[in-house]
$ cat my_file07.cif   # mmCIF, C-alpha atoms
data_entry
#
loop_
_atom_site.label_atom_id
_atom_site.label_comp_id
_atom_site.auth_asym_id
_atom_site.auth_seq_id
_atom_site.Cartn_x
_atom_site.Cartn_y
_atom_site.Cartn_z
CA MET A 252 36.60 -152.84 -32.64
CA SER A 253 36.74 -150.32 -29.80
CA ARG A 254 40.49 -149.80 -30.32
CA HIS A 255 39.91 -149.13 -34.00
CA VAL A 256 37.22 -146.54 -33.19
CA ALA A 257 39.44 -144.94 -30.59
CA LYS A 258 42.26 -144.55 -33.10
CA ARG A 259 39.94 -142.91 -35.62
CA ASN A 260 38.37 -140.40 -33.23
CA PRO A 261 41.30 -137.91 -33.09
CA SER A 262 41.59 -137.59 -36.87
CA SER A 263 37.82 -137.37 -37.19
CA ALA A 264 37.75 -134.55 -34.65
CA TRP A 265 40.41 -132.65 -36.57
CA ARG A 266 38.45 -133.05 -39.78
CA HIS A 267 35.37 -131.61 -38.12
CA ILE A 268 37.38 -128.71 -36.72
CA PHE A 269 38.85 -128.00 -40.15
CA ILE A 270 35.42 -128.12 -41.79
CA ILE A 271 33.95 -125.75 -39.19
CA PHE A 272 36.89 -123.38 -39.67
CA MET A 273 36.42 -123.34 -43.45
CA ILE A 274 32.67 -122.70 -43.07
CA VAL A 275 33.33 -119.76 -40.74
CA PHE A 276 36.05 -118.50 -43.09
CA ALA A 277 33.63 -118.61 -46.04
CA LEU A 278 30.70 -117.02 -44.18
CA PHE A 279 32.63 -114.22 -42.48
CA PRO A 280 32.76 -111.91 -45.57
CA ILE A 281 29.02 -112.38 -46.03
CA TYR A 282 28.45 -111.51 -42.38
CA THR A 283 30.64 -108.42 -42.76
CA VAL A 284 28.54 -107.21 -45.70
CA LEU A 285 25.32 -107.81 -43.73
CA LEU A 286 26.81 -105.97 -40.76
CA SER A 287 27.79 -103.01 -42.90
CA SER A 288 24.36 -102.87 -44.53
CA VAL A 289 22.66 -102.21 -41.17
CA ASN A 290 25.37 -99.87 -39.92
CA GLY A 291 24.18 -96.28 -39.85
CA SER A 292 27.66 -94.73 -40.05
CA GLY A 293 28.20 -95.80 -43.65
CA ALA A 294 31.48 -97.51 -42.79
CA LEU A 295 32.52 -100.87 -44.15
CA ALA A 296 33.55 -102.35 -40.80
CA THR A 297 33.15 -101.57 -37.12
CA ALA A 298 35.18 -102.37 -34.02
CA SER A 299 32.52 -104.79 -32.79
CA LEU A 300 31.40 -108.00 -34.48
CA TRP A 301 27.85 -107.30 -33.35
CA PRO A 302 26.09 -104.03 -34.24
CA LYS A 303 25.10 -101.84 -31.33
CA HIS A 304 22.36 -100.12 -33.30
CA ILE A 305 20.63 -101.79 -36.24
CA VAL A 306 19.21 -99.33 -38.74
CA PHE A 307 17.71 -99.90 -42.19
CA LYS A 308 18.25 -96.45 -43.67
CA ASN A 309 20.70 -97.90 -46.20
CA TYR A 310 17.95 -100.13 -47.57
CA THR A 311 15.33 -97.41 -47.58
CA LYS A 312 17.76 -95.11 -49.41
CA LEU A 313 17.98 -97.57 -52.28
CA PHE A 314 14.24 -97.51 -52.88
CA ASN A 315 13.22 -94.02 -51.75
CA ASP A 316 16.00 -91.85 -53.15
CA ALA A 317 14.87 -90.56 -56.55
CA SER A 318 18.47 -90.01 -57.66
CA ILE A 319 19.26 -93.74 -57.29
CA PRO A 320 17.39 -95.90 -59.84
CA TYR A 321 18.35 -99.08 -57.98
CA LEU A 322 15.39 -101.20 -59.08
CA ARG A 323 16.09 -100.18 -62.68
CA TRP A 324 19.67 -101.38 -62.27
CA VAL A 325 18.53 -104.74 -60.93
CA ILE A 326 15.99 -105.15 -63.74
CA ASN A 327 18.63 -104.25 -66.33
CA SER A 328 20.98 -106.89 -64.91
CA ILE A 329 18.28 -109.57 -64.82
CA VAL A 330 17.12 -108.87 -68.39
CA LEU A 331 20.66 -108.73 -69.76
CA ALA A 332 21.80 -111.87 -67.91
CA THR A 333 18.67 -113.83 -68.86
CA THR A 334 18.90 -112.88 -72.53
CA ASN A 335 22.59 -113.73 -72.69
CA ALA A 336 22.08 -117.06 -70.90
CA ILE A 337 19.24 -118.17 -73.20
CA ILE A 338 20.79 -117.12 -76.51
CA SER A 339 24.36 -118.23 -75.73
CA VAL A 340 23.28 -121.64 -74.44
CA LEU A 341 20.92 -122.14 -77.39
CA ILE A 342 23.70 -121.39 -79.87
CA GLY A 343 26.13 -123.42 -77.76
CA ILE A 344 23.95 -126.54 -77.83
CA PHE A 345 23.64 -126.28 -81.63
CA ALA A 346 27.42 -125.92 -81.98
CA SER A 347 28.18 -128.71 -79.50
CA TYR A 348 25.78 -131.05 -81.32
CA ALA A 349 27.54 -130.35 -84.61
CA PHE A 350 30.99 -130.88 -83.12
CA SER A 351 29.93 -134.01 -81.23
CA ARG A 352 27.79 -135.83 -83.78
CA LEU A 353 28.39 -134.43 -87.26
CA LYS A 354 31.46 -135.01 -89.42
CA PHE A 355 32.59 -132.13 -91.61
CA LYS A 356 35.80 -130.71 -92.99
CA GLY A 357 37.71 -128.56 -90.51
CA ARG A 358 35.96 -129.98 -87.45
CA LYS A 359 39.10 -130.67 -85.40
CA ALA A 360 40.75 -127.44 -86.49
CA SER A 361 37.66 -125.46 -85.46
CA LEU A 362 37.63 -127.13 -82.05
CA ARG A 363 41.30 -126.35 -81.49
CA LEU A 364 40.83 -122.75 -82.60
CA LEU A 365 37.84 -122.39 -80.27
CA LEU A 366 39.89 -123.75 -77.38
CA LEU A 367 42.83 -121.49 -78.23
CA ILE A 368 40.63 -118.40 -78.17
CA GLN A 369 39.36 -119.31 -74.70
CA VAL A 370 42.92 -119.49 -73.36
CA PHE A 371 43.52 -115.74 -73.65
CA PRO A 372 42.06 -113.53 -70.88
CA ASN A 373 39.14 -111.36 -71.89
CA PHE A 374 40.72 -108.11 -70.72
CA LEU A 375 43.37 -108.43 -73.46
CA ALA A 376 40.66 -107.66 -76.01
CA LEU A 377 39.18 -104.63 -74.24
CA ALA A 378 40.92 -102.08 -76.46
CA ALA A 379 39.96 -103.93 -79.64
CA ILE A 380 36.37 -104.37 -78.49
CA TYR A 381 36.08 -100.68 -77.66
CA VAL A 382 37.41 -99.60 -81.07
CA ILE A 383 35.18 -102.05 -82.96
CA MET A 384 32.02 -101.13 -81.07
CA GLU A 385 32.82 -97.42 -81.31
CA ARG A 386 32.99 -97.69 -85.11
CA ILE A 387 29.82 -99.79 -85.19
CA TYR A 388 28.06 -97.02 -83.25
CA HIS A 389 28.59 -94.60 -86.13
CA VAL A 390 26.91 -97.03 -88.54
CA TYR A 391 24.31 -98.70 -86.27
CA PRO A 392 23.88 -96.54 -83.15
CA HIS A 393 21.56 -99.04 -81.45
CA ILE A 394 24.20 -101.78 -81.14
CA GLY A 395 27.38 -99.75 -80.72
CA ILE A 396 29.35 -98.51 -77.75
CA GLY A 397 27.24 -97.22 -74.90
CA THR A 398 24.22 -99.42 -75.68
CA THR A 399 22.82 -102.46 -73.89
CA TRP A 400 22.44 -104.40 -77.14
CA GLY A 401 26.07 -103.78 -78.00
CA LEU A 402 27.10 -105.08 -74.60
CA LEU A 403 24.92 -108.14 -75.16
CA LEU A 404 26.71 -108.88 -78.44
CA VAL A 405 30.07 -108.76 -76.66
CA TYR A 406 28.79 -111.05 -73.90
CA LEU A 407 27.50 -113.53 -76.50
CA GLY A 408 30.84 -113.63 -78.26
CA GLY A 409 32.65 -114.30 -75.01
CA SER A 410 30.38 -116.98 -73.56
CA MET A 411 29.40 -119.08 -76.60
CA GLY A 412 32.82 -120.70 -76.94
CA ALA A 413 33.02 -121.84 -73.33
CA ASN A 414 29.42 -123.05 -73.40
CA ALA A 415 30.02 -125.03 -76.58
CA TRP A 416 32.98 -126.84 -75.04
CA LEU A 417 31.11 -127.57 -71.82
CA LEU A 418 28.04 -128.90 -73.63
CA LYS A 419 30.12 -130.91 -76.11
CA GLY A 420 31.79 -132.80 -73.28
CA PHE A 421 28.36 -133.84 -72.04
CA LEU A 422 27.06 -134.81 -75.50
CA ASP A 423 30.11 -137.01 -76.06
CA SER A 424 29.01 -139.09 -73.06
CA ILE A 425 25.65 -139.94 -74.71
CA PRO A 426 25.93 -143.33 -76.48
CA MET A 427 25.94 -143.30 -80.27
CA GLU A 428 23.55 -146.26 -80.18
CA LEU A 429 20.70 -143.84 -79.44
CA ASP A 430 21.35 -142.04 -82.73
CA GLU A 431 21.51 -145.28 -84.66
CA ALA A 432 18.32 -146.65 -83.09
CA ALA A 433 16.47 -143.42 -83.86
CA LYS A 434 17.67 -143.45 -87.48
CA ILE A 435 16.47 -147.04 -87.88
CA ASP A 436 13.05 -145.92 -86.66
CA GLY A 437 13.05 -143.23 -89.34
CA ALA A 438 13.85 -140.17 -87.21
CA SER A 439 15.36 -137.17 -88.97
CA PRO A 440 18.41 -135.31 -87.58
CA SER A 441 16.18 -132.53 -86.24
CA GLN A 442 13.91 -135.06 -84.51
CA ILE A 443 16.93 -136.78 -82.96
CA PHE A 444 18.13 -133.44 -81.66
CA TRP A 445 14.84 -132.16 -80.21
CA LEU A 446 13.28 -135.45 -79.02
CA ILE A 447 16.36 -137.33 -77.78
CA PHE A 448 19.22 -134.99 -77.05
CA MET A 449 17.35 -132.04 -75.58
CA PRO A 450 15.57 -134.07 -72.84
CA LEU A 451 18.81 -135.88 -71.97
CA THR A 452 20.83 -132.67 -71.79
CA LYS A 453 18.36 -130.73 -69.64
CA PRO A 454 20.50 -130.91 -66.46
CA ILE A 455 23.68 -129.66 -68.14
CA ILE A 456 21.74 -126.99 -70.04
CA VAL A 457 20.33 -125.67 -66.76
CA VAL A 458 23.78 -125.67 -65.15
CA THR A 459 25.31 -123.86 -68.13
CA MET A 460 22.52 -121.28 -68.19
CA LEU A 461 22.90 -120.70 -64.46
CA LEU A 462 26.67 -120.19 -64.71
CA THR A 463 26.22 -117.84 -67.66
CA PHE A 464 23.49 -115.91 -65.84
CA ILE A 465 25.61 -115.46 -62.70
CA GLY A 466 28.69 -114.48 -64.69
CA THR A 467 26.76 -111.86 -66.69
CA PHE A 468 24.89 -110.55 -63.66
CA ASN A 469 28.14 -109.94 -61.75
CA GLU A 470 30.26 -108.68 -64.67
CA PHE A 471 31.65 -105.20 -64.13
CA VAL A 472 34.54 -104.30 -66.45
CA LEU A 473 32.78 -104.43 -69.83
CA ALA A 474 29.53 -103.06 -68.38
CA SER A 475 31.34 -100.05 -66.90
CA ILE A 476 32.87 -99.28 -70.32
CA PHE A 477 29.63 -99.65 -72.30
CA LEU A 478 26.96 -98.31 -69.96
CA GLN A 479 27.60 -94.67 -69.12
CA GLU A 480 23.99 -93.52 -68.81
CA VAL A 481 22.78 -93.81 -65.22
CA LYS A 482 19.45 -95.51 -65.98
CA ALA A 483 21.05 -98.00 -68.39
CA ARG A 484 23.59 -99.31 -65.89
CA THR A 485 23.62 -102.79 -64.43
CA VAL A 486 23.54 -103.29 -60.69
CA ALA A 487 27.31 -103.92 -60.50
CA VAL A 488 28.11 -100.65 -62.26
CA GLY A 489 25.43 -98.77 -60.35
CA LEU A 490 26.66 -99.92 -56.95
CA GLU A 491 30.19 -98.87 -57.83
CA SER A 492 28.99 -95.27 -57.87
CA PHE A 493 28.46 -95.48 -54.09
CA VAL A 494 32.16 -96.14 -53.46
CA GLY A 495 33.76 -94.66 -56.57
CA SER A 496 34.21 -91.23 -54.99
CA ASN A 497 37.42 -90.64 -53.04
CA PHE A 498 35.74 -88.51 -50.39
CA GLY A 499 32.11 -89.61 -50.47
CA ALA A 500 32.19 -93.42 -50.28
CA ASN A 501 29.01 -94.85 -48.76
CA TRP A 502 29.84 -98.46 -47.94
CA GLY A 503 26.56 -98.94 -46.07
CA ALA A 504 24.42 -98.33 -49.15
CA PHE A 505 26.87 -100.38 -51.23
CA ALA A 506 26.54 -103.32 -48.83
CA ALA A 507 22.75 -103.02 -48.71
CA GLY A 508 22.56 -102.99 -52.50
CA SER A 509 24.82 -106.04 -52.66
CA VAL A 510 22.59 -107.94 -50.25
CA VAL A 511 19.42 -107.14 -52.19
CA ALA A 512 21.10 -107.94 -55.52
CA ALA A 513 22.13 -111.36 -54.18
CA VAL A 514 18.51 -112.36 -53.53
CA PRO A 515 17.67 -113.21 -57.20
CA LEU A 516 20.87 -115.24 -57.53
CA VAL A 517 20.28 -117.22 -54.34
CA THR A 518 16.63 -117.81 -55.24
CA LEU A 519 17.56 -119.00 -58.72
CA PHE A 520 20.29 -121.27 -57.37
CA LEU A 521 18.01 -122.87 -54.78
CA SER A 522 15.14 -123.35 -57.22
CA LEU A 523 17.42 -125.11 -59.74
CA GLN A 524 19.36 -127.12 -57.17
CA ARG A 525 17.99 -130.50 -58.23
CA TYR A 526 19.00 -129.83 -61.84
CA ILE A 527 22.46 -128.75 -60.73
CA VAL A 528 23.00 -131.95 -58.76
CA GLY A 529 21.66 -134.01 -61.66
CA GLY A 530 23.90 -132.24 -64.16
CA VAL A 531 27.03 -132.76 -62.08
CA ALA A 532 26.19 -136.42 -61.44
CA ALA A 533 25.34 -137.09 -65.08
CA GLY A 534 28.45 -135.39 -66.34
CA SER A 535 30.70 -137.42 -64.05
CA VAL A 536 29.63 -140.80 -65.46
CA LYS A 537 30.21 -141.52 -69.13
CA GLY A 538 27.47 -143.43 -70.94
#
$ encode --input "my_file07.cif" --output "structure tokens"
Amino acid sequence: MSRHVAKRNPSSAWRHIFIIFMIVFALFPIYTVLLSSVNGSGALATASLWPKHIVFKNYTKLFNDASIPYLRWVINSIVLATTNAIISVLIGIFASYAFSRLKFKGRKASLRLLLLIQVFPNFLALAAIYVIMERIYHVYPHIGIGTTWGLLLVYLGGSMGANAWLLKGFLDSIPMELDEAAKIDGASPSQIFWLIFMPLTKPIIVVTMLLTFIGTFNEFVLASIFLQEVKARTVAVGLESFVGSNFGANWGAFAAGSVVAAVPLVTLFLSLQRYIVGGVAAGSVKG
């Protein structure tokens, strides 16, 4: 027994060293951002790994400078991400239920078409999206280019397909016997959906909403095209203005804004951690 343990110790030590190295590798960029946020020079990095002077003027600038509507940017991102997550997941669960449980003409073709659309990168459609939304603006100015509602429509179109596929894979793992037993008891299709499927799919719904929320909150390309007005910007587009100038980049304020913007995401992730673990575990076992 002792020989067996002795043979395993070297490999076990290397595994621990590798794990520690990967943890340090993953945390170092975060530490660099934190270091830059308390650096008074406004530089992204310093020669020392430990700050000589810790200052919080970058944080105070975000909240005290009248020309920087930082809190408005954060609120815009939270509202936009929350709305997109709720609506896209709600439509996605309806679509996934239809594809998973209902039989209709064109079902397989629709699934294949939905998958084919998801294969192409989103940036390939930027020119088409811009032209379409620009023309919509002349007819309905409130949902065209340059508006938050127009950006929300584009986000919904991009996330519903992926959400439908993700949710369908989970619904396929729910036994058909539950449907049959409910029908024998006299349950209608709507009752089966709301009273049986919705409680069972709560973990995967939470995971899908969280992924959609994070993706929308951090999205930059489409938001930078749509939101040109300063007060209407999201936090990603707003922070880019700190480093977008060739001669006036303020990496300290950019890092401070990134740290503050990460707080809602980390809080949301930690508060929904038990649902995330449950959704991953439930999705890994069929039936």
$ closest_residue --input "my_file07.cif" --among "A:Thr399, A:Ser263, A:Asn315, A:Asn469" --to "Ala483 (chain A)" --atoms "all atoms listed in the file"
A:Thr399
$ closest_residue --input "my_file07.cif" --among "A:Gln479, A:Ser441, A:Ser509, A:Thr463" --to "Val340 (chain A)" --atoms "all atoms listed in the file"
A:Thr463
$ resolve_selection --input "my_file07.cif" --expression "the PyMOL selection byres ((chain A and resi 316-330) around 9)" --output "JSON, numbers by chain"
{"A": [311, 312, 313, 314, 315, 331, 332, 333, 334, 335, 399, 464, 467, 468, 469, 481, 482, 483, 484, 485, 486, 487, 488, 489, 490, 508, 512, 515]}
$ atom_distance --input "my_file07.cif" --atom1 "CA of Leu418 (chain A)" --atom2 "CA of Leu404 (chain A)"
20.6 Å
$ resolve_selection --input "my_file07.cif" --expression "the PyMOL selection byres ((chain A and resi 422) around 9)" --output "MDAnalysis selection string"
chainID A and resid 347:348 351:352 418:421 423:426 448 452
$ write_last_selection --input "my_file07.cif" --atoms "C-alpha atoms" --output "compact mmCIF listing (two decimals), in the coordinates of the input"
# COMPACT_ATOMS: atom_id res chain seq x y z
CA SER A 347 28.18 -128.71 -79.50
CA TYR A 348 25.78 -131.05 -81.32
CA SER A 351 29.93 -134.01 -81.23
CA ARG A 352 27.79 -135.83 -83.78
CA LEU A 418 28.04 -128.90 -73.63
CA LYS A 419 30.12 -130.91 -76.11
CA GLY A 420 31.79 -132.80 -73.28
CA PHE A 421 28.36 -133.84 -72.04
CA ASP A 423 30.11 -137.01 -76.06
CA SER A 424 29.01 -139.09 -73.06
CA ILE A 425 25.65 -139.94 -74.71
CA PRO A 426 25.93 -143.33 -76.48
CA PHE A 448 19.22 -134.99 -77.05
CA THR A 452 20.83 -132.67 -71.79
$ closest_residue --input "my_file07.cif" --among "A:Ile338, A:Val284, A:Leu402, A:Leu365" --to "Phe471 (chain A)" --atoms "only C-alpha atoms"
A:Leu402
$ residues_around --input "my_file07.cif" --residues "region 369-376 of chain A" --least-positions-apart "6" --cutoff "9 Å" --atoms "all atoms listed in the file" --output "count of residues only"
5
$ closest_residue --input "my_file07.cif" --among "A:Phe350, A:Ile447, A:Val405, A:Phe520" --to "Leu362 (chain A)" --atoms "all atoms listed in the file"
A:Phe350
$ residues_around --input "my_file07.cif" --residues "region 457-461 of chain A" --least-positions-apart "4" --cutoff "8 Å" --atoms "all atoms listed in the file" --output "JSON, numbers by chain"
{"A": [336, 337, 340, 414, 417, 418, 453, 465, 520, 523, 526, 527, 530]}
$ atom_distance --input "my_file07.cif" --atom1 "CA of Ile281 (chain A)" --atom2 "CA of Trp301 (chain A)"
13.7 Å
$ resolve_selection --input "my_file07.cif" --expression "the PyMOL selection byres ((chain A and resi 381) around 10)" --output "PyMOL selection string"
chain A and resi 376-380+382-387+395-397+473+476-477
$ atom_distance --input "my_file07.cif" --atom1 "CA of Ala349 (chain A)" --atom2 "CA of Gly401 (chain A)"
27.4 Å
$ build_atoms --input "my_file07.cif" --residues "region 498-520 of chain A" --atoms "N, CA and C atoms" --output "PDB file, keeping the file's coordinate frame"
ATOM      1  N   PHE A 498      36.088 -89.158 -51.651  1.00  0.00           N
ATOM      2  CA  PHE A 498      35.740 -88.510 -50.390  1.00  0.00           C
ATOM      3  C   PHE A 498      34.291 -88.731 -49.985  1.00  0.00           C
ATOM      4  N   GLY A 499      33.514 -89.423 -50.806  1.00  0.00           N
ATOM      5  CA  GLY A 499      32.110 -89.610 -50.470  1.00  0.00           C
ATOM      6  C   GLY A 499      31.658 -91.055 -50.549  1.00  0.00           C
ATOM      7  N   ALA A 500      32.539 -91.998 -50.195  1.00  0.00           N
ATOM      8  CA  ALA A 500      32.190 -93.420 -50.280  1.00  0.00           C
ATOM      9  C   ALA A 500      31.149 -93.771 -49.229  1.00  0.00           C
ATOM     10  N   ASN A 501      30.071 -94.415 -49.656  1.00  0.00           N
ATOM     11  CA  ASN A 501      29.010 -94.850 -48.760  1.00  0.00           C
ATOM     12  C   ASN A 501      28.971 -96.383 -48.797  1.00  0.00           C
ATOM     13  N   TRP A 502      29.754 -97.007 -47.940  1.00  0.00           N
ATOM     14  CA  TRP A 502      29.840 -98.460 -47.940  1.00  0.00           C
ATOM     15  C   TRP A 502      28.568 -99.100 -47.406  1.00  0.00           C
ATOM     16  N   GLY A 503      27.812 -98.391 -46.591  1.00  0.00           N
ATOM     17  CA  GLY A 503      26.560 -98.940 -46.070  1.00  0.00           C
ATOM     18  C   GLY A 503      25.549 -99.184 -47.177  1.00  0.00           C
ATOM     19  N   ALA A 504      25.342 -98.174 -48.033  1.00  0.00           N
ATOM     20  CA  ALA A 504      24.420 -98.330 -49.150  1.00  0.00           C
ATOM     21  C   ALA A 504      24.946 -99.357 -50.155  1.00  0.00           C
ATOM     22  N   PHE A 505      26.265 -99.383 -50.341  1.00  0.00           N
ATOM     23  CA  PHE A 505      26.870-100.380 -51.230  1.00  0.00           C
ATOM     24  C   PHE A 505      26.606-101.791 -50.713  1.00  0.00           C
ATOM     25  N   ALA A 506      26.783-102.000 -49.408  1.00  0.00           N
ATOM     26  CA  ALA A 506      26.540-103.320 -48.830  1.00  0.00           C
ATOM     27  C   ALA A 506      25.066-103.695 -48.894  1.00  0.00           C
ATOM     28  N   ALA A 507      24.181-102.738 -48.635  1.00  0.00           N
ATOM     29  CA  ALA A 507      22.750-103.020 -48.710  1.00  0.00           C
ATOM     30  C   ALA A 507      22.337-103.390 -50.135  1.00  0.00           C
ATOM     31  N   GLY A 508      22.865-102.656 -51.107  1.00  0.00           N
ATOM     32  CA  GLY A 508      22.560-102.990 -52.500  1.00  0.00           C
ATOM     33  C   GLY A 508      23.098-104.349 -52.892  1.00  0.00           C
ATOM     34  N   SER A 509      24.254-104.722 -52.368  1.00  0.00           N
ATOM     35  CA  SER A 509      24.820-106.040 -52.660  1.00  0.00           C
ATOM     36  C   SER A 509      23.953-107.149 -52.081  1.00  0.00           C
ATOM     37  N   VAL A 510      23.439-106.935 -50.878  1.00  0.00           N
ATOM     38  CA  VAL A 510      22.590-107.940 -50.250  1.00  0.00           C
ATOM     39  C   VAL A 510      21.299-108.134 -51.037  1.00  0.00           C
ATOM     40  N   VAL A 511      20.662-107.042 -51.424  1.00  0.00           N
ATOM     41  CA  VAL A 511      19.420-107.140 -52.190  1.00  0.00           C
ATOM     42  C   VAL A 511      19.672-107.759 -53.559  1.00  0.00           C
ATOM     43  N   ALA A 512      20.787-107.402 -54.199  1.00  0.00           N
ATOM     44  CA  ALA A 512      21.100-107.940 -55.520  1.00  0.00           C
ATOM     45  C   ALA A 512      21.392-109.437 -55.464  1.00  0.00           C
ATOM     46  N   ALA A 513      21.826-109.930 -54.304  1.00  0.00           N
ATOM     47  CA  ALA A 513      22.130-111.360 -54.180  1.00  0.00           C
ATOM     48  C   ALA A 513      20.872-112.210 -54.055  1.00  0.00           C
ATOM     49  N   VAL A 514      19.745-111.598 -53.722  1.00  0.00           N
ATOM     50  CA  VAL A 514      18.510-112.360 -53.530  1.00  0.00           C
ATOM     51  C   VAL A 514      18.080-113.096 -54.799  1.00  0.00           C
ATOM     52  N   PRO A 515      18.052-112.455 -55.988  1.00  0.00           N
ATOM     53  CA  PRO A 515      17.670-113.210 -57.200  1.00  0.00           C
ATOM     54  C   PRO A 515      18.615-114.366 -57.493  1.00  0.00           C
ATOM     55  N   LEU A 516      19.907-114.179 -57.250  1.00  0.00           N
ATOM     56  CA  LEU A 516      20.870-115.240 -57.530  1.00  0.00           C
ATOM     57  C   LEU A 516      20.674-116.423 -56.593  1.00  0.00           C
ATOM     58  N   VAL A 517      20.485-116.137 -55.309  1.00  0.00           N
ATOM     59  CA  VAL A 517      20.280-117.220 -54.340  1.00  0.00           C
ATOM     60  C   VAL A 517      18.968-117.941 -54.615  1.00  0.00           C
ATOM     61  N   THR A 518      17.925-117.194 -54.930  1.00  0.00           N
ATOM     62  CA  THR A 518      16.630-117.810 -55.240  1.00  0.00           C
ATOM     63  C   THR A 518      16.723-118.699 -56.471  1.00  0.00           C
ATOM     64  N   LEU A 519      17.387-118.208 -57.498  1.00  0.00           N
ATOM     65  CA  LEU A 519      17.560-119.000 -58.720  1.00  0.00           C
ATOM     66  C   LEU A 519      18.379-120.258 -58.448  1.00  0.00           C
ATOM     67  N   PHE A 520      19.426-120.122 -57.678  1.00  0.00           N
ATOM     68  CA  PHE A 520      20.290-121.270 -57.370  1.00  0.00           C
ATOM     69  C   PHE A 520      19.526-122.327 -56.584  1.00  0.00           C
TER      70      PHE A 520
END
